[in-house]
file my_file.cif (mmCIF, N, CA and C atoms)
data_target
#
loop_
_atom_site.label_atom_id
_atom_site.label_comp_id
_atom_site.auth_asym_id
_atom_site.auth_seq_id
_atom_site.Cartn_x
_atom_site.Cartn_y
_atom_site.Cartn_z
N MET A 1 0.86 -1.17 0.00
CA MET A 1 0.00 0.00 0.00
C MET A 1 0.90 1.24 0.00
N GLU A 2 0.52 2.22 -0.77
CA GLU A 2 1.28 3.46 -0.84
C GLU A 2 1.30 4.12 0.54
N LYS A 3 2.47 4.69 0.89
CA LYS A 3 2.64 5.25 2.23
C LYS A 3 1.62 6.35 2.53
N ASN A 4 1.38 7.25 1.60
CA ASN A 4 0.44 8.36 1.85
C ASN A 4 -0.96 7.83 2.17
N ILE A 5 -1.39 6.81 1.45
CA ILE A 5 -2.70 6.22 1.70
C ILE A 5 -2.71 5.53 3.05
N GLU A 6 -1.63 4.82 3.36
CA GLU A 6 -1.55 4.11 4.64
C GLU A 6 -1.59 5.10 5.81
N VAL A 7 -0.83 6.19 5.71
CA VAL A 7 -0.82 7.18 6.79
C VAL A 7 -2.21 7.82 6.91
N SER A 8 -2.86 8.09 5.80
CA SER A 8 -4.20 8.67 5.84
C SER A 8 -5.18 7.72 6.54
N LEU A 9 -5.09 6.43 6.26
CA LEU A 9 -5.93 5.45 6.94
C LEU A 9 -5.60 5.36 8.43
N LEU A 10 -4.30 5.40 8.74
CA LEU A 10 -3.89 5.37 10.14
C LEU A 10 -4.42 6.59 10.88
N LEU A 11 -4.46 7.73 10.21
CA LEU A 11 -5.04 8.93 10.81
C LEU A 11 -6.51 8.72 11.15
N ASP A 12 -7.22 8.03 10.26
CA ASP A 12 -8.63 7.73 10.53
C ASP A 12 -8.79 6.89 11.79
N PHE A 13 -7.89 5.94 11.99
CA PHE A 13 -8.00 5.04 13.13
C PHE A 13 -7.44 5.63 14.42
N TYR A 14 -6.30 6.31 14.31
CA TYR A 14 -5.58 6.73 15.51
C TYR A 14 -5.37 8.23 15.64
N GLY A 15 -5.89 9.01 14.73
CA GLY A 15 -5.64 10.44 14.72
C GLY A 15 -5.98 11.14 16.03
N GLU A 16 -7.04 10.70 16.68
CA GLU A 16 -7.46 11.32 17.93
C GLU A 16 -6.45 11.11 19.05
N LEU A 17 -5.54 10.17 18.88
CA LEU A 17 -4.53 9.91 19.90
C LEU A 17 -3.32 10.84 19.77
N LEU A 18 -3.21 11.53 18.64
CA LEU A 18 -2.12 12.48 18.43
C LEU A 18 -2.43 13.81 19.10
N LYS A 19 -1.36 14.57 19.36
CA LYS A 19 -1.57 15.93 19.84
C LYS A 19 -2.33 16.69 18.76
N PRO A 20 -3.22 17.59 19.18
CA PRO A 20 -4.05 18.29 18.19
C PRO A 20 -3.26 18.99 17.08
N SER A 21 -2.17 19.66 17.42
CA SER A 21 -1.40 20.36 16.39
C SER A 21 -0.76 19.38 15.41
N CYS A 22 -0.28 18.27 15.94
CA CYS A 22 0.33 17.24 15.10
C CYS A 22 -0.72 16.62 14.18
N ARG A 23 -1.88 16.31 14.74
CA ARG A 23 -2.98 15.74 13.94
C ARG A 23 -3.41 16.70 12.84
N GLN A 24 -3.56 17.99 13.19
CA GLN A 24 -3.99 18.98 12.21
C GLN A 24 -3.01 19.05 11.04
N MET A 25 -1.73 19.09 11.33
CA MET A 25 -0.73 19.19 10.26
C MET A 25 -0.71 17.93 9.40
N ALA A 26 -0.82 16.78 10.03
CA ALA A 26 -0.83 15.53 9.27
C ALA A 26 -2.08 15.45 8.39
N GLU A 27 -3.22 15.89 8.91
CA GLU A 27 -4.44 15.87 8.10
C GLU A 27 -4.35 16.84 6.93
N LEU A 28 -3.80 18.02 7.17
CA LEU A 28 -3.63 18.98 6.07
C LEU A 28 -2.69 18.42 5.00
N TYR A 29 -1.64 17.77 5.44
CA TYR A 29 -0.63 17.25 4.52
C TYR A 29 -1.13 16.01 3.78
N TYR A 30 -1.68 15.05 4.51
CA TYR A 30 -2.08 13.78 3.89
C TYR A 30 -3.49 13.78 3.33
N ASN A 31 -4.44 14.34 4.06
CA ASN A 31 -5.83 14.28 3.61
C ASN A 31 -6.20 15.42 2.67
N ASP A 32 -5.67 16.61 2.94
CA ASP A 32 -5.99 17.77 2.10
C ASP A 32 -4.96 18.00 1.01
N ASP A 33 -3.89 17.19 1.01
CA ASP A 33 -2.85 17.22 -0.02
C ASP A 33 -2.17 18.59 -0.14
N LEU A 34 -1.94 19.25 1.01
CA LEU A 34 -1.20 20.51 0.99
C LEU A 34 0.29 20.22 1.08
N SER A 35 1.10 21.10 0.51
CA SER A 35 2.54 20.96 0.62
C SER A 35 2.99 21.39 2.01
N LEU A 36 4.25 21.09 2.35
CA LEU A 36 4.77 21.52 3.64
C LEU A 36 4.71 23.04 3.77
N ALA A 37 5.02 23.73 2.69
CA ALA A 37 4.98 25.20 2.71
C ALA A 37 3.56 25.70 2.92
N GLU A 38 2.59 25.06 2.30
CA GLU A 38 1.20 25.46 2.47
C GLU A 38 0.70 25.19 3.89
N VAL A 39 1.12 24.05 4.46
CA VAL A 39 0.74 23.74 5.84
C VAL A 39 1.39 24.76 6.78
N ALA A 40 2.64 25.11 6.50
CA ALA A 40 3.34 26.11 7.32
C ALA A 40 2.61 27.45 7.27
N ALA A 41 2.20 27.87 6.11
CA ALA A 41 1.47 29.13 5.97
C ALA A 41 0.13 29.06 6.70
N GLU A 42 -0.53 27.91 6.63
CA GLU A 42 -1.84 27.72 7.28
C GLU A 42 -1.73 27.73 8.80
N THR A 43 -0.64 27.17 9.32
CA THR A 43 -0.51 27.00 10.77
C THR A 43 0.38 28.05 11.42
N GLY A 44 1.12 28.81 10.63
CA GLY A 44 1.95 29.88 11.18
C GLY A 44 3.25 29.42 11.80
N ILE A 45 3.74 28.24 11.40
CA ILE A 45 5.06 27.83 11.86
C ILE A 45 5.94 27.55 10.65
N THR A 46 7.20 27.28 10.89
CA THR A 46 8.13 27.09 9.77
C THR A 46 7.86 25.78 9.05
N ARG A 47 8.33 25.73 7.82
CA ARG A 47 8.21 24.52 7.01
C ARG A 47 8.90 23.35 7.72
N GLN A 48 10.08 23.61 8.29
CA GLN A 48 10.82 22.57 9.01
C GLN A 48 10.05 22.11 10.25
N GLY A 49 9.41 23.04 10.93
CA GLY A 49 8.60 22.68 12.09
C GLY A 49 7.43 21.79 11.70
N VAL A 50 6.82 22.11 10.58
CA VAL A 50 5.72 21.28 10.07
C VAL A 50 6.23 19.88 9.75
N ARG A 51 7.36 19.82 9.04
CA ARG A 51 7.93 18.53 8.67
C ARG A 51 8.23 17.69 9.90
N ASP A 52 8.84 18.29 10.91
CA ASP A 52 9.18 17.57 12.13
C ASP A 52 7.93 17.03 12.83
N ARG A 53 6.89 17.82 12.92
CA ARG A 53 5.66 17.36 13.57
C ARG A 53 4.97 16.26 12.78
N ILE A 54 4.98 16.40 11.46
CA ILE A 54 4.38 15.36 10.62
C ILE A 54 5.15 14.05 10.79
N LYS A 55 6.47 14.12 10.76
CA LYS A 55 7.28 12.90 10.91
C LYS A 55 7.07 12.28 12.29
N ARG A 56 6.97 13.10 13.33
CA ARG A 56 6.71 12.60 14.68
C ARG A 56 5.34 11.92 14.72
N GLY A 57 4.36 12.55 14.09
CA GLY A 57 3.03 11.97 14.03
C GLY A 57 3.02 10.65 13.28
N GLU A 58 3.74 10.58 12.17
CA GLU A 58 3.83 9.33 11.40
C GLU A 58 4.40 8.21 12.27
N ARG A 59 5.49 8.51 12.96
CA ARG A 59 6.11 7.49 13.82
C ARG A 59 5.10 6.99 14.87
N GLN A 60 4.39 7.94 15.47
CA GLN A 60 3.41 7.54 16.48
C GLN A 60 2.29 6.70 15.88
N LEU A 61 1.81 7.08 14.71
CA LEU A 61 0.74 6.32 14.05
C LEU A 61 1.18 4.89 13.77
N PHE A 62 2.40 4.73 13.25
CA PHE A 62 2.90 3.39 12.96
C PHE A 62 3.12 2.59 14.24
N GLU A 63 3.53 3.26 15.32
CA GLU A 63 3.68 2.58 16.61
C GLU A 63 2.32 2.12 17.14
N PHE A 64 1.31 2.98 17.03
CA PHE A 64 -0.04 2.59 17.45
C PHE A 64 -0.50 1.37 16.67
N GLU A 65 -0.27 1.37 15.37
CA GLU A 65 -0.71 0.24 14.55
C GLU A 65 0.06 -1.02 14.92
N GLN A 66 1.35 -0.88 15.18
CA GLN A 66 2.14 -2.05 15.55
C GLN A 66 1.63 -2.65 16.86
N LYS A 67 1.24 -1.80 17.79
CA LYS A 67 0.78 -2.29 19.10
C LYS A 67 -0.68 -2.75 19.08
N LEU A 68 -1.54 -2.03 18.36
CA LEU A 68 -2.97 -2.30 18.41
C LEU A 68 -3.51 -3.06 17.20
N GLY A 69 -2.94 -2.81 16.03
CA GLY A 69 -3.32 -3.56 14.83
C GLY A 69 -4.72 -3.33 14.31
N LEU A 70 -5.32 -2.18 14.60
CA LEU A 70 -6.70 -1.94 14.16
C LEU A 70 -6.84 -1.87 12.65
N LEU A 71 -5.91 -1.21 11.98
CA LEU A 71 -5.99 -1.10 10.52
C LEU A 71 -5.83 -2.46 9.86
N SER A 72 -4.86 -3.23 10.30
CA SER A 72 -4.67 -4.55 9.67
C SER A 72 -5.87 -5.46 9.93
N ARG A 73 -6.44 -5.37 11.12
CA ARG A 73 -7.63 -6.17 11.42
C ARG A 73 -8.81 -5.74 10.56
N PHE A 74 -8.97 -4.42 10.40
CA PHE A 74 -10.02 -3.89 9.53
C PHE A 74 -9.84 -4.39 8.10
N GLN A 75 -8.62 -4.37 7.60
CA GLN A 75 -8.36 -4.81 6.23
C GLN A 75 -8.63 -6.31 6.08
N GLN A 76 -8.30 -7.09 7.10
CA GLN A 76 -8.60 -8.53 7.06
C GLN A 76 -10.10 -8.78 7.02
N LEU A 77 -10.82 -8.05 7.87
CA LEU A 77 -12.28 -8.21 7.89
C LEU A 77 -12.90 -7.80 6.55
N GLU A 78 -12.42 -6.69 6.00
CA GLU A 78 -12.94 -6.23 4.71
C GLU A 78 -12.66 -7.25 3.62
N ALA A 79 -11.46 -7.81 3.60
CA ALA A 79 -11.12 -8.84 2.61
C ALA A 79 -12.00 -10.08 2.80
N GLY A 80 -12.23 -10.45 4.05
CA GLY A 80 -13.09 -11.60 4.32
C GLY A 80 -14.51 -11.37 3.86
N LEU A 81 -15.05 -10.17 4.12
CA LEU A 81 -16.40 -9.84 3.67
C LEU A 81 -16.49 -9.87 2.14
N ASN A 82 -15.47 -9.32 1.48
CA ASN A 82 -15.46 -9.34 0.01
C ASN A 82 -15.44 -10.77 -0.51
N ASP A 83 -14.66 -11.64 0.14
CA ASP A 83 -14.58 -13.03 -0.29
C ASP A 83 -15.91 -13.75 -0.07
N ILE A 84 -16.54 -13.52 1.08
CA ILE A 84 -17.85 -14.12 1.35
C ILE A 84 -18.88 -13.65 0.33
N ALA A 85 -18.88 -12.36 0.03
CA ALA A 85 -19.84 -11.83 -0.94
C ALA A 85 -19.59 -12.42 -2.33
N ARG A 86 -18.31 -12.56 -2.71
CA ARG A 86 -17.98 -13.14 -4.01
C ARG A 86 -18.49 -14.57 -4.10
N LYS A 87 -18.28 -15.34 -3.04
CA LYS A 87 -18.72 -16.73 -3.03
C LYS A 87 -20.24 -16.83 -3.04
N ALA A 88 -20.91 -15.94 -2.32
CA ALA A 88 -22.38 -15.95 -2.31
C ALA A 88 -22.92 -15.62 -3.70
N ARG A 89 -22.30 -14.65 -4.40
CA ARG A 89 -22.72 -14.35 -5.78
C ARG A 89 -22.51 -15.55 -6.69
N GLU A 90 -21.38 -16.22 -6.52
CA GLU A 90 -21.08 -17.40 -7.34
C GLU A 90 -22.11 -18.50 -7.09
N ILE A 91 -22.44 -18.73 -5.83
CA ILE A 91 -23.46 -19.74 -5.49
C ILE A 91 -24.80 -19.36 -6.11
N SER A 92 -25.18 -18.10 -5.96
CA SER A 92 -26.46 -17.63 -6.48
C SER A 92 -26.54 -17.79 -7.99
N GLU A 93 -25.42 -17.57 -8.67
CA GLU A 93 -25.41 -17.63 -10.14
C GLU A 93 -25.35 -19.06 -10.67
N THR A 94 -24.88 -19.99 -9.85
CA THR A 94 -24.67 -21.35 -10.37
C THR A 94 -25.71 -22.36 -9.91
N THR A 95 -26.58 -21.97 -8.99
CA THR A 95 -27.57 -22.94 -8.49
C THR A 95 -28.93 -22.69 -9.12
N ASN A 96 -29.69 -23.75 -9.20
CA ASN A 96 -31.07 -23.65 -9.66
C ASN A 96 -32.05 -23.74 -8.49
N ASP A 97 -31.51 -23.99 -7.30
CA ASP A 97 -32.33 -24.16 -6.11
C ASP A 97 -32.71 -22.77 -5.56
N ASN A 98 -34.01 -22.49 -5.53
CA ASN A 98 -34.47 -21.17 -5.08
C ASN A 98 -34.16 -20.91 -3.61
N ASP A 99 -34.20 -21.95 -2.77
CA ASP A 99 -33.87 -21.76 -1.36
C ASP A 99 -32.40 -21.36 -1.19
N ILE A 100 -31.53 -22.04 -1.89
CA ILE A 100 -30.10 -21.71 -1.81
C ILE A 100 -29.85 -20.32 -2.38
N ARG A 101 -30.52 -20.01 -3.47
CA ARG A 101 -30.39 -18.68 -4.08
C ARG A 101 -30.84 -17.59 -3.10
N ALA A 102 -31.93 -17.85 -2.36
CA ALA A 102 -32.43 -16.89 -1.37
C ALA A 102 -31.44 -16.72 -0.22
N LEU A 103 -30.85 -17.83 0.23
CA LEU A 103 -29.85 -17.75 1.30
C LEU A 103 -28.61 -16.97 0.84
N ALA A 104 -28.20 -17.21 -0.38
CA ALA A 104 -27.06 -16.46 -0.93
C ALA A 104 -27.39 -14.98 -1.00
N GLY A 105 -28.61 -14.65 -1.36
CA GLY A 105 -29.04 -13.25 -1.38
C GLY A 105 -29.01 -12.64 0.00
N ASP A 106 -29.41 -13.41 1.02
CA ASP A 106 -29.35 -12.94 2.41
C ASP A 106 -27.90 -12.65 2.82
N ILE A 107 -27.02 -13.55 2.43
CA ILE A 107 -25.59 -13.36 2.75
C ILE A 107 -25.07 -12.09 2.09
N LEU A 108 -25.43 -11.88 0.84
CA LEU A 108 -24.99 -10.67 0.13
C LEU A 108 -25.52 -9.41 0.81
N ARG A 109 -26.77 -9.43 1.21
CA ARG A 109 -27.34 -8.27 1.91
C ARG A 109 -26.62 -8.00 3.22
N GLN A 110 -26.37 -9.06 3.98
CA GLN A 110 -25.71 -8.88 5.28
C GLN A 110 -24.28 -8.40 5.13
N THR A 111 -23.55 -8.92 4.16
CA THR A 111 -22.18 -8.43 3.96
C THR A 111 -22.20 -6.98 3.51
N GLY A 112 -23.16 -6.62 2.68
CA GLY A 112 -23.29 -5.23 2.25
C GLY A 112 -23.58 -4.30 3.43
N GLU A 113 -24.46 -4.74 4.31
CA GLU A 113 -24.79 -3.93 5.50
C GLU A 113 -23.58 -3.77 6.41
N LEU A 114 -22.81 -4.83 6.59
CA LEU A 114 -21.62 -4.76 7.42
C LEU A 114 -20.57 -3.82 6.82
N LYS A 115 -20.44 -3.87 5.50
CA LYS A 115 -19.47 -2.99 4.85
C LYS A 115 -19.89 -1.53 4.94
N GLU A 116 -21.19 -1.26 4.93
CA GLU A 116 -21.69 0.12 5.07
C GLU A 116 -21.37 0.68 6.43
N LYS A 117 -21.30 -0.17 7.44
CA LYS A 117 -21.04 0.28 8.81
C LYS A 117 -19.57 0.60 9.04
N GLU A 118 -18.71 0.20 8.12
CA GLU A 118 -17.27 0.41 8.30
C GLU A 118 -16.97 1.85 8.40
#

call {"tool": "encode", "arguments": {"input": "my_file.cif", "output": "structure tokens"}}
result
Amino acid sequence: MEKNIEVSLLLDFYGELLKPSCRQMAELYYNDDLSLAEVAAETGITRQGVRDRIKRGERQLFEFEQKLGLLSRFQQLEAGLNDIARKAREISETTNDNDIRALAGDILRQTGELKEKE
């Protein structure tokens, strides 16, 4: 996974655990796609100060993930739901049994509902 996307996802999971100024700068940089100079202008500190806080925040985010594993668990669950939905579609498309087709439809609905809650 690309680092920028991974850090953005980690911010979603652990951003509230960062100091507010660090979180704000990381969100501006990763989520709003501002440059270091733009973040510096927005926050009123130097470009180097922004870079240092973003790097500190990145380290903390990766440490949180290493210890807690919420993002990796989320990705495993999402992959599992996708696999279950794929298999249910395959069953629904290959069977002539209406009861089995209805059960496969129920599985598809439930996996869809679970994915919406993510």

call {"tool": "residues_around", "arguments": {"input": "my_file.cif", "residues": "Arg51 in chain A", "least_positions_apart": "5", "cutoff": "9 Å", "atoms": "only C-alpha atoms", "output": "PyMOL selection string"}}
result
chain A and resi 25+36+40+46+56

call {"tool": "residues_around", "arguments": {"input": "my_file.cif", "residues": "Gln24 in chain A", "least_positions_apart": "3", "cutoff": "12 Å", "atoms": "only C-alpha atoms", "output": "PyMOL selection string"}}
result
chain A and resi 11+15-21+27-32+34+39-40+42-43+50+53-54+57

call {"tool": "select_by_dssp", "arguments": {"input": "my_file.cif", "residues": "chain A", "states": "alpha helix (DSSP H)", "output": "number ranges by chain"}}
result
A: 3-14, 20-26, 36-43, 47-68, 70-94, 98-116

call {"tool": "closest_residue", "arguments": {"input": "my_file.cif", "among": "A:Leu103, A:Ser92, A:Leu108, A:Tyr14", "to": "Leu68 in chain A", "atoms": "only C-alpha atoms"}}
result
A:Tyr14

call {"tool": "atom_distance", "arguments": {"input": "my_file.cif", "atom1": "atom C of Cys22 in chain A", "atom2": "atom N of Glu58 in chain A"}}
result
7.8 Å

call {"tool": "closest_residue", "arguments": {"input": "my_file.cif", "among": "A:Ala26, A:Leu9, A:Gln66, A:Glu116", "to": "Asp52 in chain A", "atoms": "only C-alpha atoms"}}
result
A:Ala26

call {"tool": "atom_distance", "arguments": {"input": "my_file.cif", "atom1": "CA of Asn82 in chain A", "atom2": "CA of Gly112 in chain A"}}
result
9.1 Å

call {"tool": "atom_distance", "arguments": {"input": "my_file.cif", "atom1": "CA of Ile107 in chain A", "atom2": "CA of Arg89 in chain A"}}
result
9.1 Å

call {"tool": "axis_aligned_box", "arguments": {"input": "my_file.cif", "around": "range 37-56 of chain A", "padding_each_side": "6 Å", "output": "AutoDock Vina command-line options"}}
result
--center_x 4.5 --center_y 20.9 --center_z 8.5 --size_x 24.7 --size_y 30.0 --size_z 24.4

call {"tool": "resolve_selection", "arguments": {"input": "my_file.cif", "expression": "the PyMOL selection byres (((chain A and resi 88 and name CA) around 12) and name CA)", "output": "PyMOL selection string"}}
result
chain A and resi 81-87+89-95+100-112

call {"tool": "write_last_selection", "arguments": {"input": "my_file.cif", "atoms": "N, CA and C atoms", "output": "PDB file, keeping the file's coordinate frame"}}
result
ATOM      1  N   LEU A  81     -15.050 -10.170   4.120  1.00  0.00           N
ATOM      2  CA  LEU A  81     -16.400  -9.840   3.670  1.00  0.00           C
ATOM      3  C   LEU A  81     -16.490  -9.870   2.140  1.00  0.00           C
ATOM      4  N   ASN A  82     -15.470  -9.320   1.480  1.00  0.00           N
ATOM      5  CA  ASN A  82     -15.460  -9.340   0.010  1.00  0.00           C
ATOM      6  C   ASN A  82     -15.440 -10.770  -0.510  1.00  0.00           C
ATOM      7  N   ASP A  83     -14.660 -11.640   0.140  1.00  0.00           N
ATOM      8  CA  ASP A  83     -14.580 -13.030  -0.290  1.00  0.00           C
ATOM      9  C   ASP A  83     -15.910 -13.750  -0.070  1.00  0.00           C
ATOM     10  N   ILE A  84     -16.540 -13.520   1.080  1.00  0.00           N
ATOM     11  CA  ILE A  84     -17.850 -14.120   1.350  1.00  0.00           C
ATOM     12  C   ILE A  84     -18.880 -13.650   0.330  1.00  0.00           C
ATOM     13  N   ALA A  85     -18.880 -12.360   0.030  1.00  0.00           N
ATOM     14  CA  ALA A  85     -19.840 -11.830  -0.940  1.00  0.00           C
ATOM     15  C   ALA A  85     -19.590 -12.420  -2.330  1.00  0.00           C
ATOM     16  N   ARG A  86     -18.310 -12.560  -2.710  1.00  0.00           N
ATOM     17  CA  ARG A  86     -17.980 -13.140  -4.010  1.00  0.00           C
ATOM     18  C   ARG A  86     -18.490 -14.570  -4.100  1.00  0.00           C
ATOM     19  N   LYS A  87     -18.280 -15.340  -3.040  1.00  0.00           N
ATOM     20  CA  LYS A  87     -18.720 -16.730  -3.030  1.00  0.00           C
ATOM     21  C   LYS A  87     -20.240 -16.830  -3.040  1.00  0.00           C
ATOM     22  N   ARG A  89     -22.300 -14.650  -4.400  1.00  0.00           N
ATOM     23  CA  ARG A  89     -22.720 -14.350  -5.780  1.00  0.00           C
ATOM     24  C   ARG A  89     -22.510 -15.550  -6.690  1.00  0.00           C
ATOM     25  N   GLU A  90     -21.380 -16.220  -6.520  1.00  0.00           N
ATOM     26  CA  GLU A  90     -21.080 -17.400  -7.340  1.00  0.00           C
ATOM     27  C   GLU A  90     -22.110 -18.500  -7.090  1.00  0.00           C
ATOM     28  N   ILE A  91     -22.440 -18.730  -5.830  1.00  0.00           N
ATOM     29  CA  ILE A  91     -23.460 -19.740  -5.490  1.00  0.00           C
ATOM     30  C   ILE A  91     -24.800 -19.360  -6.110  1.00  0.00           C
ATOM     31  N   SER A  92     -25.180 -18.100  -5.960  1.00  0.00           N
ATOM     32  CA  SER A  92     -26.460 -17.630  -6.480  1.00  0.00           C
ATOM     33  C   SER A  92     -26.540 -17.790  -7.990  1.00  0.00           C
ATOM     34  N   GLU A  93     -25.420 -17.570  -8.670  1.00  0.00           N
ATOM     35  CA  GLU A  93     -25.410 -17.630 -10.140  1.00  0.00           C
ATOM     36  C   GLU A  93     -25.350 -19.060 -10.670  1.00  0.00           C
ATOM     37  N   THR A  94     -24.880 -19.990  -9.850  1.00  0.00           N
ATOM     38  CA  THR A  94     -24.670 -21.350 -10.370  1.00  0.00           C
ATOM     39  C   THR A  94     -25.710 -22.360  -9.910  1.00  0.00           C
ATOM     40  N   THR A  95     -26.580 -21.970  -8.990  1.00  0.00           N
ATOM     41  CA  THR A  95     -27.570 -22.940  -8.490  1.00  0.00           C
ATOM     42  C   THR A  95     -28.930 -22.690  -9.120  1.00  0.00           C
ATOM     43  N   ILE A 100     -31.530 -22.040  -1.890  1.00  0.00           N
ATOM     44  CA  ILE A 100     -30.100 -21.710  -1.810  1.00  0.00           C
ATOM     45  C   ILE A 100     -29.850 -20.320  -2.380  1.00  0.00           C
ATOM     46  N   ARG A 101     -30.520 -20.010  -3.470  1.00  0.00           N
ATOM     47  CA  ARG A 101     -30.390 -18.680  -4.080  1.00  0.00           C
ATOM     48  C   ARG A 101     -30.840 -17.590  -3.100  1.00  0.00           C
ATOM     49  N   ALA A 102     -31.930 -17.850  -2.360  1.00  0.00           N
ATOM     50  CA  ALA A 102     -32.430 -16.890  -1.370  1.00  0.00           C
ATOM     51  C   ALA A 102     -31.440 -16.720  -0.220  1.00  0.00           C
ATOM     52  N   LEU A 103     -30.850 -17.830   0.230  1.00  0.00           N
ATOM     53  CA  LEU A 103     -29.850 -17.750   1.300  1.00  0.00           C
ATOM     54  C   LEU A 103     -28.610 -16.970   0.840  1.00  0.00           C
ATOM     55  N   ALA A 104     -28.200 -17.210  -0.380  1.00  0.00           N
ATOM     56  CA  ALA A 104     -27.060 -16.460  -0.930  1.00  0.00           C
ATOM     57  C   ALA A 104     -27.390 -14.980  -1.000  1.00  0.00           C
ATOM     58  N   GLY A 105     -28.610 -14.650  -1.360  1.00  0.00           N
ATOM     59  CA  GLY A 105     -29.040 -13.250  -1.380  1.00  0.00           C
ATOM     60  C   GLY A 105     -29.010 -12.640   0.000  1.00  0.00           C
ATOM     61  N   ASP A 106     -29.410 -13.410   1.020  1.00  0.00           N
ATOM     62  CA  ASP A 106     -29.350 -12.940   2.410  1.00  0.00           C
ATOM     63  C   ASP A 106     -27.900 -12.650   2.820  1.00  0.00           C
ATOM     64  N   ILE A 107     -27.020 -13.550   2.430  1.00  0.00           N
ATOM     65  CA  ILE A 107     -25.590 -13.360   2.750  1.00  0.00           C
ATOM     66  C   ILE A 107     -25.070 -12.090   2.090  1.00  0.00           C
ATOM     67  N   LEU A 108     -25.430 -11.880   0.840  1.00  0.00           N
ATOM     68  CA  LEU A 108     -24.990 -10.670   0.130  1.00  0.00           C
ATOM     69  C   LEU A 108     -25.520  -9.410   0.810  1.00  0.00           C
ATOM     70  N   ARG A 109     -26.770  -9.430   1.210  1.00  0.00           N
ATOM     71  CA  ARG A 109     -27.340  -8.270   1.910  1.00  0.00           C
ATOM     72  C   ARG A 109     -26.620  -8.000   3.220  1.00  0.00           C
ATOM     73  N   GLN A 110     -26.370  -9.060   3.980  1.00  0.00           N
ATOM     74  CA  GLN A 110     -25.710  -8.880   5.280  1.00  0.00           C
ATOM     75  C   GLN A 110     -24.280  -8.400   5.130  1.00  0.00           C
ATOM     76  N   THR A 111     -23.550  -8.920   4.160  1.00  0.00           N
ATOM     77  CA  THR A 111     -22.180  -8.430   3.960  1.00  0.00           C
ATOM     78  C   THR A 111     -22.200  -6.980   3.510  1.00  0.00           C
ATOM     79  N   GLY A 112     -23.160  -6.620   2.680  1.00  0.00           N
ATOM     80  CA  GLY A 112     -23.290  -5.230   2.250  1.00  0.00           C
ATOM     81  C   GLY A 112     -23.580  -4.300   3.430  1.00  0.00           C
TER      82      GLY A 112
END

call {"tool": "closest_residue", "arguments": {"input": "my_file.cif", "among": "A:Gly80, A:Ser8, A:Phe64, A:Phe13", "to": "Asp33 in chain A", "atoms": "only C-alpha atoms"}}
result
A:Ser8

call {"tool": "residues_around", "arguments": {"input": "my_file.cif", "residues": "Leu10 in chain A", "least_positions_apart": "4", "cutoff": "8 Å", "atoms": "all atoms listed in the file", "output": "ChimeraX atom specification"}}
result
/A:4-6,14-16,61-62,65,71

call {"tool": "decode", "arguments": {"input": "my_file.cif", "residues": "range 5-14 of chain A", "atoms": "N, CA, C and O atoms", "output": "short mmCIF file (atom, residue, chain, number, x, y, z; two decimals), in the first residue's frame"}}
result
data_model
loop_
_atom_site.label_atom_id
_atom_site.label_comp_id
_atom_site.auth_asym_id
_atom_site.auth_seq_id
_atom_site.Cartn_x
_atom_site.Cartn_y
_atom_site.Cartn_z
N ILE A 5 -1.39 6.81 1.45
CA ILE A 5 -2.70 6.22 1.70
C ILE A 5 -2.71 5.53 3.05
O ILE A 5 -3.66 5.65 3.83
N GLU A 6 -1.63 4.82 3.36
CA GLU A 6 -1.55 4.11 4.64
C GLU A 6 -1.59 5.10 5.81
O GLU A 6 -2.32 4.89 6.78
N VAL A 7 -0.83 6.19 5.71
CA VAL A 7 -0.82 7.18 6.79
C VAL A 7 -2.21 7.82 6.91
O VAL A 7 -2.70 8.04 8.02
N SER A 8 -2.86 8.09 5.80
CA SER A 8 -4.20 8.67 5.84
C SER A 8 -5.18 7.72 6.54
O SER A 8 -6.00 8.16 7.36
N LEU A 9 -5.09 6.43 6.26
CA LEU A 9 -5.93 5.45 6.94
C LEU A 9 -5.60 5.36 8.43
O LEU A 9 -6.48 5.28 9.27
N LEU A 10 -4.30 5.40 8.74
CA LEU A 10 -3.89 5.37 10.14
C LEU A 10 -4.42 6.59 10.88
O LEU A 10 -4.80 6.50 12.05
N LEU A 11 -4.46 7.73 10.21
CA LEU A 11 -5.04 8.93 10.81
C LEU A 11 -6.51 8.72 11.15
O LEU A 11 -7.00 9.17 12.18
N ASP A 12 -7.22 8.03 10.26
CA ASP A 12 -8.63 7.73 10.53
C ASP A 12 -8.79 6.89 11.79
O ASP A 12 -9.71 7.11 12.58
N PHE A 13 -7.89 5.94 11.99
CA PHE A 13 -8.00 5.04 13.13
C PHE A 13 -7.44 5.63 14.42
O PHE A 13 -8.00 5.43 15.49
N TYR A 14 -6.30 6.31 14.31
CA TYR A 14 -5.58 6.73 15.51
C TYR A 14 -5.37 8.23 15.64
O TYR A 14 -4.74 8.68 16.59
#
